[in-house]
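Engineer: File follows, model-v7.cif with mmCIF, C-alpha atoms:
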data_structure
loop_
_atom_site.label_atom_id
_atom_site.label_comp_id
_atom_site.auth_asym_id
_atom_site.auth_seq_id
_atom_site.Cartn_x
_atom_site.Cartn_y
_atom_site.Cartn_z
CA MET A 27 91.66 106.70 85.51
CA GLY A 28 95.46 106.47 85.61
CA LYS A 29 97.34 104.11 87.86
CA THR A 30 99.93 104.94 90.50
CA VAL A 31 103.17 103.13 89.68
CA VAL A 32 106.04 102.92 92.16
CA ILE A 33 109.43 102.13 90.62
CA THR A 34 112.66 101.42 92.47
CA GLY A 35 115.94 102.13 90.75
CA ALA A 36 114.04 104.74 88.76
CA GLY A 37 116.90 107.17 88.16
CA GLU A 38 118.40 105.32 85.19
CA GLY A 39 118.24 102.25 82.99
CA LEU A 40 115.16 100.05 83.02
CA GLY A 41 113.49 101.93 85.88
CA ARG A 42 113.70 105.21 84.01
CA ALA A 43 112.44 103.61 80.80
CA ILE A 44 109.41 102.14 82.59
CA ALA A 45 108.67 105.51 84.21
CA ARG A 46 108.71 107.28 80.86
CA ARG A 47 106.50 104.59 79.33
CA VAL A 48 103.75 104.61 81.95
CA VAL A 49 103.61 108.40 82.21
CA LYS A 50 103.15 108.50 78.44
CA ASP A 51 99.86 106.65 79.00
CA GLY A 52 98.66 108.96 81.76
CA ASP A 53 99.81 107.05 84.85
CA SER A 54 101.41 108.71 87.87
CA VAL A 55 104.82 107.55 89.10
CA ALA A 56 106.75 107.54 92.35
CA LEU A 57 110.42 107.48 91.42
CA ILE A 58 112.50 105.76 94.09
CA GLY A 59 116.26 106.07 93.65
CA ARG A 60 119.42 106.18 95.72
CA THR A 61 120.78 109.27 93.93
CA ALA A 62 118.46 112.21 94.61
CA SER A 63 119.62 114.26 91.61
CA LYS A 64 118.73 111.50 89.14
CA VAL A 65 115.15 110.99 90.30
CA GLU A 66 114.61 114.73 90.71
CA VAL A 67 115.73 115.43 87.14
CA LEU A 68 113.48 112.64 85.86
CA ALA A 69 110.50 113.90 87.88
CA GLU A 70 110.96 117.35 86.39
CA GLU A 71 111.07 115.83 82.90
CA LEU A 72 107.91 113.76 83.47
CA GLY A 73 105.81 116.56 84.95
CA GLU A 74 103.25 116.92 87.70
CA GLY A 75 102.31 113.23 87.74
CA ALA A 76 105.79 112.26 88.94
CA LEU A 77 107.14 112.29 92.50
CA ALA A 78 110.86 112.02 93.20
CA VAL A 79 111.51 109.86 96.26
CA PRO A 80 115.22 109.75 97.14
CA CYS A 81 115.73 106.50 99.03
CA ASP A 82 118.42 103.87 99.48
CA ILE A 83 116.34 100.69 99.68
CA SER A 84 119.13 98.89 101.54
CA ASP A 85 118.02 101.04 104.51
CA PRO A 86 114.74 99.81 106.10
CA ASP A 87 114.05 103.14 107.81
CA ALA A 88 114.45 104.99 104.50
CA ILE A 89 111.86 102.69 102.92
CA THR A 90 109.37 103.52 105.66
CA VAL A 91 109.85 107.25 105.09
CA ALA A 92 109.61 106.81 101.31
CA PHE A 93 106.28 105.00 101.40
CA GLU A 94 104.86 107.49 103.87
CA ALA A 95 105.60 110.18 101.28
CA ILE A 96 104.03 108.07 98.52
CA GLU A 97 100.89 107.48 100.57
CA GLU A 98 100.62 111.17 101.39
CA ARG A 99 100.88 112.13 97.71
CA PHE A 100 98.89 109.38 95.98
CA GLY A 101 96.92 107.55 98.68
CA THR A 102 97.14 104.16 96.99
CA VAL A 103 99.61 102.09 94.97
CA ASP A 104 98.46 100.15 91.91
CA VAL A 105 101.81 98.84 90.69
CA LEU A 106 105.18 98.26 92.36
CA VAL A 107 108.21 97.56 90.18
CA ASN A 108 111.06 96.14 92.25
CA ASN A 109 113.85 97.00 89.82
CA ALA A 110 116.70 98.44 91.92
CA ALA A 111 119.82 96.28 92.06
CA ILE A 112 123.56 96.44 92.49
CA TYR A 113 125.50 94.69 89.73
CA ASP A 114 129.18 94.52 90.58
CA PRO A 115 131.20 91.59 89.17
CA THR A 116 133.67 90.65 91.92
CA PRO A 117 134.88 87.28 93.23
CA LEU A 118 133.29 86.70 96.62
CA ASP A 119 136.63 86.32 98.41
CA GLU A 120 137.67 89.74 97.10
CA ALA A 121 134.43 91.54 98.03
CA ASP A 122 134.46 93.54 101.24
CA ILE A 123 131.80 92.87 103.86
CA VAL A 124 129.95 96.12 103.13
CA SER A 125 129.61 95.20 99.45
CA VAL A 126 128.21 91.76 100.29
CA VAL A 127 125.66 93.09 102.76
CA GLN A 128 124.64 96.05 100.61
CA GLY A 129 124.27 93.82 97.55
CA ILE A 130 121.91 91.41 99.29
CA ASN A 131 120.04 94.19 101.11
CA THR A 132 119.46 96.15 97.91
CA ASN A 133 118.73 93.30 95.52
CA LEU A 134 116.62 91.07 97.75
CA THR A 135 115.83 92.42 101.22
CA GLY A 136 114.99 95.86 99.82
CA ALA A 137 112.54 94.34 97.34
CA MET A 138 110.84 92.43 100.15
CA LEU A 139 110.58 95.52 102.35
CA CYS A 140 109.24 97.66 99.49
CA ALA A 141 106.57 95.03 98.82
CA ARG A 142 105.78 94.90 102.55
CA ALA A 143 105.30 98.68 102.58
CA ALA A 144 103.28 98.77 99.36
CA ILE A 145 100.81 95.95 100.02
CA PRO A 146 98.72 97.85 102.62
CA LEU A 147 98.27 100.61 100.00
CA MET A 148 97.18 98.18 97.29
CA ARG A 149 93.71 97.10 96.24
CA GLU A 150 92.36 94.11 94.33
CA GLY A 151 93.79 94.24 90.83
CA SER A 152 97.13 95.69 91.91
CA HIS A 153 100.38 94.19 90.63
CA ILE A 154 103.93 93.69 91.91
CA PHE A 155 106.79 93.15 89.44
CA ASN A 156 110.11 91.71 90.60
CA VAL A 157 113.00 92.03 88.15
CA SER A 158 115.34 89.04 88.08
CA SER A 159 118.16 88.19 85.69
CA GLU A 160 119.07 85.54 83.13
CA SER A 161 122.27 85.11 85.17
CA VAL A 162 120.25 82.92 87.54
CA GLU A 163 120.29 80.24 84.84
CA ILE A 164 123.39 81.17 82.82
CA ASN A 165 126.80 80.53 84.36
CA TYR A 166 128.12 84.09 84.56
CA PRO A 167 131.33 84.27 86.62
CA MET A 168 132.16 86.64 89.48
CA LEU A 169 128.47 87.31 90.20
CA THR A 170 127.88 85.18 93.29
CA ILE A 171 126.21 88.00 95.24
CA TYR A 172 124.12 89.21 92.32
CA ARG A 173 123.07 85.74 91.08
CA SER A 174 122.20 84.54 94.58
CA SER A 175 120.07 87.59 95.32
CA LYS A 176 118.25 87.28 91.97
CA ALA A 177 117.58 83.59 92.60
CA GLY A 178 116.07 84.72 95.89
CA ILE A 179 113.90 87.22 94.00
CA GLU A 180 112.46 84.37 91.94
CA GLN A 181 111.56 82.30 95.01
CA PHE A 182 110.21 85.44 96.67
CA THR A 183 107.90 85.94 93.68
CA THR A 184 106.53 82.39 93.87
CA SER A 185 105.87 82.61 97.60
CA LEU A 186 104.39 86.10 97.53
CA ALA A 187 102.15 85.33 94.55
CA ALA A 188 100.52 82.50 96.50
CA GLU A 189 100.24 84.67 99.60
CA LEU A 190 98.57 87.57 97.79
CA GLU A 191 96.29 85.59 95.47
CA PRO A 192 93.36 85.76 97.97
CA LYS A 193 93.72 89.57 97.98
CA GLY A 194 93.53 89.72 94.19
CA ILE A 195 97.07 91.13 93.89
CA ARG A 196 99.26 89.65 91.15
CA VAL A 197 103.02 89.12 91.48
CA THR A 198 105.19 88.67 88.39
CA CYS A 199 108.88 87.91 88.02
CA LEU A 200 110.62 89.21 84.91
CA GLN A 201 113.84 87.29 84.31
CA ALA A 202 115.54 89.95 82.20
CA ALA A 203 118.34 89.58 79.68
CA SER A 204 121.28 91.93 79.16
CA MET A 205 119.93 95.41 78.47
CA THR A 206 121.18 98.76 77.27
CA GLU A 207 120.06 102.04 75.73
CA PRO A 208 121.57 104.46 73.20
CA GLY A 209 124.51 106.32 74.70
CA LYS A 210 124.82 104.12 77.77
CA ALA A 211 128.35 103.92 79.20
CA TYR A 212 129.39 101.10 81.51
CA SER A 213 131.22 102.04 84.70
CA LEU A 214 132.96 98.79 85.63
CA ASP A 215 136.50 99.07 86.94
CA PRO A 216 138.61 98.42 83.81
CA GLU A 217 140.74 95.73 85.43
CA MET A 218 137.77 93.94 86.97
CA GLY A 219 135.85 94.30 83.72
CA MET A 220 138.64 92.59 81.80
CA ARG A 221 138.79 89.77 84.35
CA PHE A 222 135.02 89.37 84.05
CA MET A 223 135.20 89.13 80.25
CA GLU A 224 138.03 86.60 80.40
CA ALA A 225 136.29 84.47 83.02
CA ALA A 226 133.05 84.56 81.01
CA ALA A 227 134.91 83.39 77.91
CA LYS A 228 136.28 80.41 79.86
CA ASN A 229 132.64 79.54 80.64
CA GLY A 230 131.80 79.69 76.93
CA LEU A 231 130.16 83.13 77.14
CA ARG A 232 131.34 85.53 74.45
CA LEU A 233 129.81 88.68 75.90
CA MET A 234 130.97 91.06 73.17
CA GLU A 235 129.16 88.97 70.56
CA ALA A 236 125.95 88.40 72.51
CA PRO A 237 122.76 90.27 71.54
CA ILE A 238 121.53 92.95 73.93
CA SER A 239 117.93 94.01 74.46
CA GLN A 240 116.77 97.61 74.86
CA TYR A 241 115.37 99.03 78.09
CA SER A 242 112.54 100.60 76.09
CA SER A 243 111.50 97.20 74.71
CA VAL A 244 111.23 95.73 78.20
CA ALA A 245 109.34 98.83 79.35
CA ASP A 246 106.81 98.26 76.54
CA LEU A 247 106.33 94.70 77.79
CA VAL A 248 105.78 95.90 81.36
CA ARG A 249 103.08 98.21 80.02
CA VAL A 250 101.32 95.21 78.46
CA LEU A 251 101.55 93.22 81.68
CA ILE A 252 100.23 96.10 83.77
CA ASP A 253 97.14 96.09 81.55
CA LEU A 254 96.76 92.30 81.57
CA PRO A 255 93.09 91.23 81.77
CA GLY A 256 91.97 90.26 85.25
CA ASP A 257 91.40 86.62 84.32
CA LEU A 258 95.05 86.11 83.32
CA HIS A 259 98.28 85.95 85.30
CA VAL A 260 101.94 85.65 84.33
CA GLU A 261 104.00 84.58 87.34
CA HIS A 262 107.41 84.01 85.71
CA LEU A 263 108.49 85.37 82.34
CA LYS A 264 111.94 84.70 80.88
CA LEU A 265 113.27 87.34 78.52
CA ARG A 266 116.19 86.73 76.20
CA ALA A 267 117.85 89.22 73.88
CA ARG A 268 117.95 88.56 70.15
CA LYS A 269 119.38 90.39 67.17
CA ALA A 270 116.59 92.56 65.75
#
Render the structure in this file as structure tokens.
Structural biologist:
Amino acid sequence: MGKTVVITGAGEGLGRAIARRVVKDGDSVALIGRTASKVEVLAEELGEGALAVPCDISDPDAITVAFEAIEERFGTVDVLVNNAAIYDPTPLDEADIVSVVQGINTNLTGAMLCARAAIPLMREGSHIFNVSSESVEINYPMLTIYRSSKAGIEQFTTSLAAELEPKGIRVTCLQAASMTEPGKAYSLDPEMGMRFMEAAAKNGLRLMEAPISQYSSVADLVRVLIDLPGDLHVEHLKLRARKA
């Protein structure tokens, strides 16, 4: 019997790759994304087992509505992938208040609220995945909001894993590396992007020379972890890109 997998940030990137991977194996997916057109196009591509759920997870009320729709369609949730995040290199003193609040609310608070909404729909054997970033440990510049929220995701995973262990629900943090896919175009402001590259170089990070992993490779790994035997658990997994 297929699983029901809920994915945030499902309209593009890693979220989309995971959705395509699990549907390939017969699972159903709820595709949560801020841009309705992206998740709707993906749901149409994936077929009748996919539900598009337009939702900005920085909005608590929108999360409530989204999970009501998921419960109505699927009844239960077997897997939650907290993947949605805002990545916007900007020095903190240059970021406006809305960007700071939305960054934390999307990257950390939204993940907590999605987990809070999903847990009552979960059974023993269910699994929550929280996507973190190697930037927690590597000194990337101009990412104070992003790095801080991802560090919070890692502590959130540790705390929630202990809390849910008696219920038989596993919680795993994936500390992901830089990722891409064929044809992906980056949308950073050119000036800010150049400042980011220069600041990274001063920290000894030559970003243009660094290896980059593929979304599809990480999606394959998530598939393995979803099917992990019940007597095993991976709480924190660090991923690093390498030249194939």
Engineer: Which is closest to Gly136 of chain A among A:Ala88, A:Ala236, A:Val162, A:Val248, if we use all atoms listed in the file?
Structural biologist: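 Residue with the minimum atom-to-atom distance to Gly136 of chain A: A:Ala88.
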Engineer: Once you count all atoms listed in the file, which residues end up no further than 12 Å from (107.6, 107.1, 82.5) in the file's frame, shown as a PyMOL selection string?
Structural biologist: chain A and resi 29-33+36-57+65+68-77+242+245-246+248-249
Engineer: Would you save the residues from that selection as an mmCIF file, in the coordinates of the input, using C-alpha atoms?
Structural biologist:
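Result saved to out-v4.cif:
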data_model
loop_
_atom_site.group_PDB
_atom_site.id
_atom_site.type_symbol
_atom_site.label_atom_id
_atom_site.label_comp_id
_atom_site.auth_asym_id
_atom_site.auth_seq_id
_atom_site.Cartn_x
_atom_site.Cartn_y
_atom_site.Cartn_z
ATOM 1 C CA LYS A 29 97.340 104.110 87.860
ATOM 2 C CA THR A 30 99.930 104.940 90.500
ATOM 3 C CA VAL A 31 103.170 103.130 89.680
ATOM 4 C CA VAL A 32 106.040 102.920 92.160
ATOM 5 C CA ILE A 33 109.430 102.130 90.620
ATOM 6 C CA ALA A 36 114.040 104.740 88.760
ATOM 7 C CA GLY A 37 116.900 107.170 88.160
ATOM 8 C CA GLU A 38 118.400 105.320 85.190
ATOM 9 C CA GLY A 39 118.240 102.250 82.990
ATOM 10 C CA LEU A 40 115.160 100.050 83.020
ATOM 11 C CA GLY A 41 113.490 101.930 85.880
ATOM 12 C CA ARG A 42 113.700 105.210 84.010
ATOM 13 C CA ALA A 43 112.440 103.610 80.800
ATOM 14 C CA ILE A 44 109.410 102.140 82.590
ATOM 15 C CA ALA A 45 108.670 105.510 84.210
ATOM 16 C CA ARG A 46 108.710 107.280 80.860
ATOM 17 C CA ARG A 47 106.500 104.590 79.330
ATOM 18 C CA VAL A 48 103.750 104.610 81.950
ATOM 19 C CA VAL A 49 103.610 108.400 82.210
ATOM 20 C CA LYS A 50 103.150 108.500 78.440
ATOM 21 C CA ASP A 51 99.860 106.650 79.000
ATOM 22 C CA GLY A 52 98.660 108.960 81.760
ATOM 23 C CA ASP A 53 99.810 107.050 84.850
ATOM 24 C CA SER A 54 101.410 108.710 87.870
ATOM 25 C CA VAL A 55 104.820 107.550 89.100
ATOM 26 C CA ALA A 56 106.750 107.540 92.350
ATOM 27 C CA LEU A 57 110.420 107.480 91.420
ATOM 28 C CA VAL A 65 115.150 110.990 90.300
ATOM 29 C CA LEU A 68 113.480 112.640 85.860
ATOM 30 C CA ALA A 69 110.500 113.900 87.880
ATOM 31 C CA GLU A 70 110.960 117.350 86.390
ATOM 32 C CA GLU A 71 111.070 115.830 82.900
ATOM 33 C CA LEU A 72 107.910 113.760 83.470
ATOM 34 C CA GLY A 73 105.810 116.560 84.950
ATOM 35 C CA GLU A 74 103.250 116.920 87.700
ATOM 36 C CA GLY A 75 102.310 113.230 87.740
ATOM 37 C CA ALA A 76 105.790 112.260 88.940
ATOM 38 C CA LEU A 77 107.140 112.290 92.500
ATOM 39 C CA SER A 242 112.540 100.600 76.090
ATOM 40 C CA ALA A 245 109.340 98.830 79.350
ATOM 41 C CA ASP A 246 106.810 98.260 76.540
ATOM 42 C CA VAL A 248 105.780 95.900 81.360
ATOM 43 C CA ARG A 249 103.080 98.210 80.020
#
Engineer: Expand the PyMOL selection byres ((chain A and resi 126) around 12) into the explicit residue set it covers here, and present it as a PyMOL selection string.
Structural biologist: chain A and resi 84+112-125+127-134+169-172+174-175
Engineer: Got time to write the residues from that selection, C-alpha atoms, as a CSV table (one decimal), in the frame of the given file?
Structural biologist:
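Result written to selection-v2.csv:
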chain,number,residue,atom,x,y,z
A,84,SER,CA,119.1,98.9,101.5
A,112,ILE,CA,123.6,96.4,92.5
A,113,TYR,CA,125.5,94.7,89.7
A,114,ASP,CA,129.2,94.5,90.6
A,115,PRO,CA,131.2,91.6,89.2
A,116,THR,CA,133.7,90.6,91.9
A,117,PRO,CA,134.9,87.3,93.2
A,118,LEU,CA,133.3,86.7,96.6
A,119,ASP,CA,136.6,86.3,98.4
A,120,GLU,CA,137.7,89.7,97.1
A,121,ALA,CA,134.4,91.5,98.0
A,122,ASP,CA,134.5,93.5,101.2
A,123,ILE,CA,131.8,92.9,103.9
A,124,VAL,CA,130.0,96.1,103.1
A,125,SER,CA,129.6,95.2,99.4
A,127,VAL,CA,125.7,93.1,102.8
A,128,GLN,CA,124.6,96.0,100.6
A,129,GLY,CA,124.3,93.8,97.6
A,130,ILE,CA,121.9,91.4,99.3
A,131,ASN,CA,120.0,94.2,101.1
A,132,THR,CA,119.5,96.2,97.9
A,133,ASN,CA,118.7,93.3,95.5
A,134,LEU,CA,116.6,91.1,97.8
A,169,LEU,CA,128.5,87.3,90.2
A,170,THR,CA,127.9,85.2,93.3
A,171,ILE,CA,126.2,88.0,95.2
A,172,TYR,CA,124.1,89.2,92.3
A,174,SER,CA,122.2,84.5,94.6
A,175,SER,CA,120.1,87.6,95.3
Engineer: Might you pull out every residue within 8 Å of Thr206 of chain A, with all atoms listed in the file counted and same-chain residues fewer than 4 positions away left off, and present them as a ChimeraX atom specification?
Structural biologist: /A:39,210,238-241
Engineer: Keeping C-alpha atoms, export the residues of the selection given above as an mmCIF file, in the coordinates of the input.
Structural biologist:
data_model
loop_
_atom_site.group_PDB
_atom_site.id
_atom_site.type_symbol
_atom_site.label_atom_id
_atom_site.label_comp_id
_atom_site.auth_asym_id
_atom_site.auth_seq_id
_atom_site.Cartn_x
_atom_site.Cartn_y
_atom_site.Cartn_z
ATOM 1 C CA GLY A 39 118.240 102.250 82.990
ATOM 2 C CA LYS A 210 124.820 104.120 77.770
ATOM 3 C CA ILE A 238 121.530 92.950 73.930
ATOM 4 C CA SER A 239 117.930 94.010 74.460
ATOM 5 C CA GLN A 240 116.770 97.610 74.860
ATOM 6 C CA TYR A 241 115.370 99.030 78.090
#
Engineer: In Å, with one decimal, what is the gap from atom CA of Ala225 of chain A to atom CA of Pro167 of chain A?
Structural biologist: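 Distance between the two atoms: 6.1 Å.
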Engineer: Report as a list in words the full result of the PyMOL selection byres ((chain A and resi 91-98) around 9) when it is applied to this structure.
Structural biologist: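 Applying the PyMOL selection byres ((chain A and resi 91-98) around 9) to the structure shown produces Val32, Ala56, Ile58, Leu77, Val79, Pro80, Cys81, Pro86, Asp87, Ala88, Ile89, Thr90, Arg99, Phe100, Gly101, Thr102, Val103, Cys140, Ala143, Ala144 and Leu147 of chain A.
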Engineer: Could you check which of A:Gly219, A:Gly151, A:Pro208, A:Pro192 is closest to Leu254 of chain A, using only C-alpha atoms?
Structural biologist: A:Gly151
Engineer: I'd like the residues picked by the PyMOL selection byres ((chain A and resi 145) around 10) written out as number ranges by chain, using the chain letters and numbers from the file.
Structural biologist: A: 102-106, 140-144, 146-149, 152-154, 190, 193, 195
Engineer: Taking all atoms listed in the file into account, which of A:His262, A:Asn229, A:Ile83, A:Leu247 comes nearest Cys199 of chain A?
Structural biologist: A:His262
Engineer: Between atom CA of Asn108 of chain A and atom CA of Tyr166 of chain A, measure the distance and give it in Å to one decimal.
Structural biologist: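 Those two atoms sit 22.3 Å apart.
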Engineer: For Ala188 of chain A, which residue out of A:His259, A:Ala267, A:Lys64, A:Asp215 is the nearest one, using only C-alpha atoms?
Structural biologist: A:His259
Engineer: List the neighbours of Leu258 of chain A out to 12 Å using all atoms listed in the file; skip same-chain residues closer than 5 positions along the sequence, and give me the result as a list in words.
Structural biologist: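 Those residues are Gly151, Gly194, Ile195, Arg196, Val197, Thr198, Leu251, Ile252 and Asp253 of chain A.
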Engineer: Atom CA of Lys228 of chain A to atom CA of Asn165 of chain A: how many Å, to one decimal?
Structural biologist: 10.5 Å
Engineer: In terms of the shortest atom-to-atom distance over only C-alpha atoms, which of A:Ala270, A:Met138, A:Val260, A:Met168 is closest to Phe222 of chain A?
Structural biologist: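 Nearest candidate to Phe222 of chain A out of A:Ala270, A:Met138, A:Val260, A:Met168: A:Met168.
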Engineer: Using all atoms listed in the file, can you tell me which of A:Leu233, A:Glu261, A:Met205, A:Val250 comes closest to Thr184 of chain A?
Structural biologist: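 Of A:Leu233, A:Glu261, A:Met205, A:Val250, the one nearest Thr184 of chain A is A:Glu261, counting all atoms listed in the file.
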Engineer: Could N, CA and C atoms be built for segment 97-110 of chain A and written out as a PDB file, in the frame of the given file?
Structural biologist:
ATOM      1  N   GLU A  97     102.284 107.526 100.120  1.00  0.00           N
ATOM      2  CA  GLU A  97     100.890 107.480 100.570  1.00  0.00           C
ATOM      3  C   GLU A  97     100.313 108.878 100.704  1.00  0.00           C
ATOM      4  N   GLU A  98     101.099 109.805 101.222  1.00  0.00           N
ATOM      5  CA  GLU A  98     100.620 111.170 101.390  1.00  0.00           C
ATOM      6  C   GLU A  98     100.288 111.809 100.044  1.00  0.00           C
ATOM      7  N   ARG A  99     101.088 111.527  99.027  1.00  0.00           N
ATOM      8  CA  ARG A  99     100.880 112.130  97.710  1.00  0.00           C
ATOM      9  C   ARG A  99      99.783 111.440  96.912  1.00  0.00           C
ATOM     10  N   PHE A 100      99.783 110.103  96.893  1.00  0.00           N
ATOM     11  CA  PHE A 100      98.890 109.380  95.980  1.00  0.00           C
ATOM     12  C   PHE A 100      97.780 108.597  96.689  1.00  0.00           C
ATOM     13  N   GLY A 101      97.956 108.279  97.951  1.00  0.00           N
ATOM     14  CA  GLY A 101      96.920 107.550  98.680  1.00  0.00           C
ATOM     15  C   GLY A 101      97.001 106.044  98.512  1.00  0.00           C
ATOM     16  N   THR A 102      97.096 105.595  97.274  1.00  0.00           N
ATOM     17  CA  THR A 102      97.140 104.160  96.990  1.00  0.00           C
ATOM     18  C   THR A 102      98.287 103.851  96.024  1.00  0.00           C
ATOM     19  N   VAL A 103      98.606 102.567  95.925  1.00  0.00           N
ATOM     20  CA  VAL A 103      99.610 102.090  94.970  1.00  0.00           C
ATOM     21  C   VAL A 103      98.953 100.999  94.121  1.00  0.00           C
ATOM     22  N   ASP A 104      99.022 101.154  92.810  1.00  0.00           N
ATOM     23  CA  ASP A 104      98.460 100.150  91.910  1.00  0.00           C
ATOM     24  C   ASP A 104      99.521  99.176  91.408  1.00  0.00           C
ATOM     25  N   VAL A 105     100.732  99.670  91.234  1.00  0.00           N
ATOM     26  CA  VAL A 105     101.810  98.840  90.690  1.00  0.00           C
ATOM     27  C   VAL A 105     103.104  99.162  91.437  1.00  0.00           C
ATOM     28  N   LEU A 106     103.826  98.112  91.816  1.00  0.00           N
ATOM     29  CA  LEU A 106     105.180  98.260  92.360  1.00  0.00           C
ATOM     30  C   LEU A 106     106.130  97.511  91.450  1.00  0.00           C
ATOM     31  N   VAL A 107     107.170  98.197  90.985  1.00  0.00           N
ATOM     32  CA  VAL A 107     108.210  97.560  90.180  1.00  0.00           C
ATOM     33  C   VAL A 107     109.492  97.516  91.005  1.00  0.00           C
ATOM     34  N   ASN A 108     109.828  96.336  91.496  1.00  0.00           N
ATOM     35  CA  ASN A 108     111.060  96.140  92.250  1.00  0.00           C
ATOM     36  C   ASN A 108     112.204  95.932  91.258  1.00  0.00           C
ATOM     37  N   ASN A 109     112.842  97.028  90.873  1.00  0.00           N
ATOM     38  CA  ASN A 109     113.850  97.000  89.820  1.00  0.00           C
ATOM     39  C   ASN A 109     115.261  97.292  90.342  1.00  0.00           C
ATOM     40  N   ALA A 110     115.385  98.016  91.436  1.00  0.00           N
ATOM     41  CA  ALA A 110     116.700  98.440  91.920  1.00  0.00           C
ATOM     42  C   ALA A 110     117.606  97.256  92.210  1.00  0.00           C
TER      43      ALA A 110
END
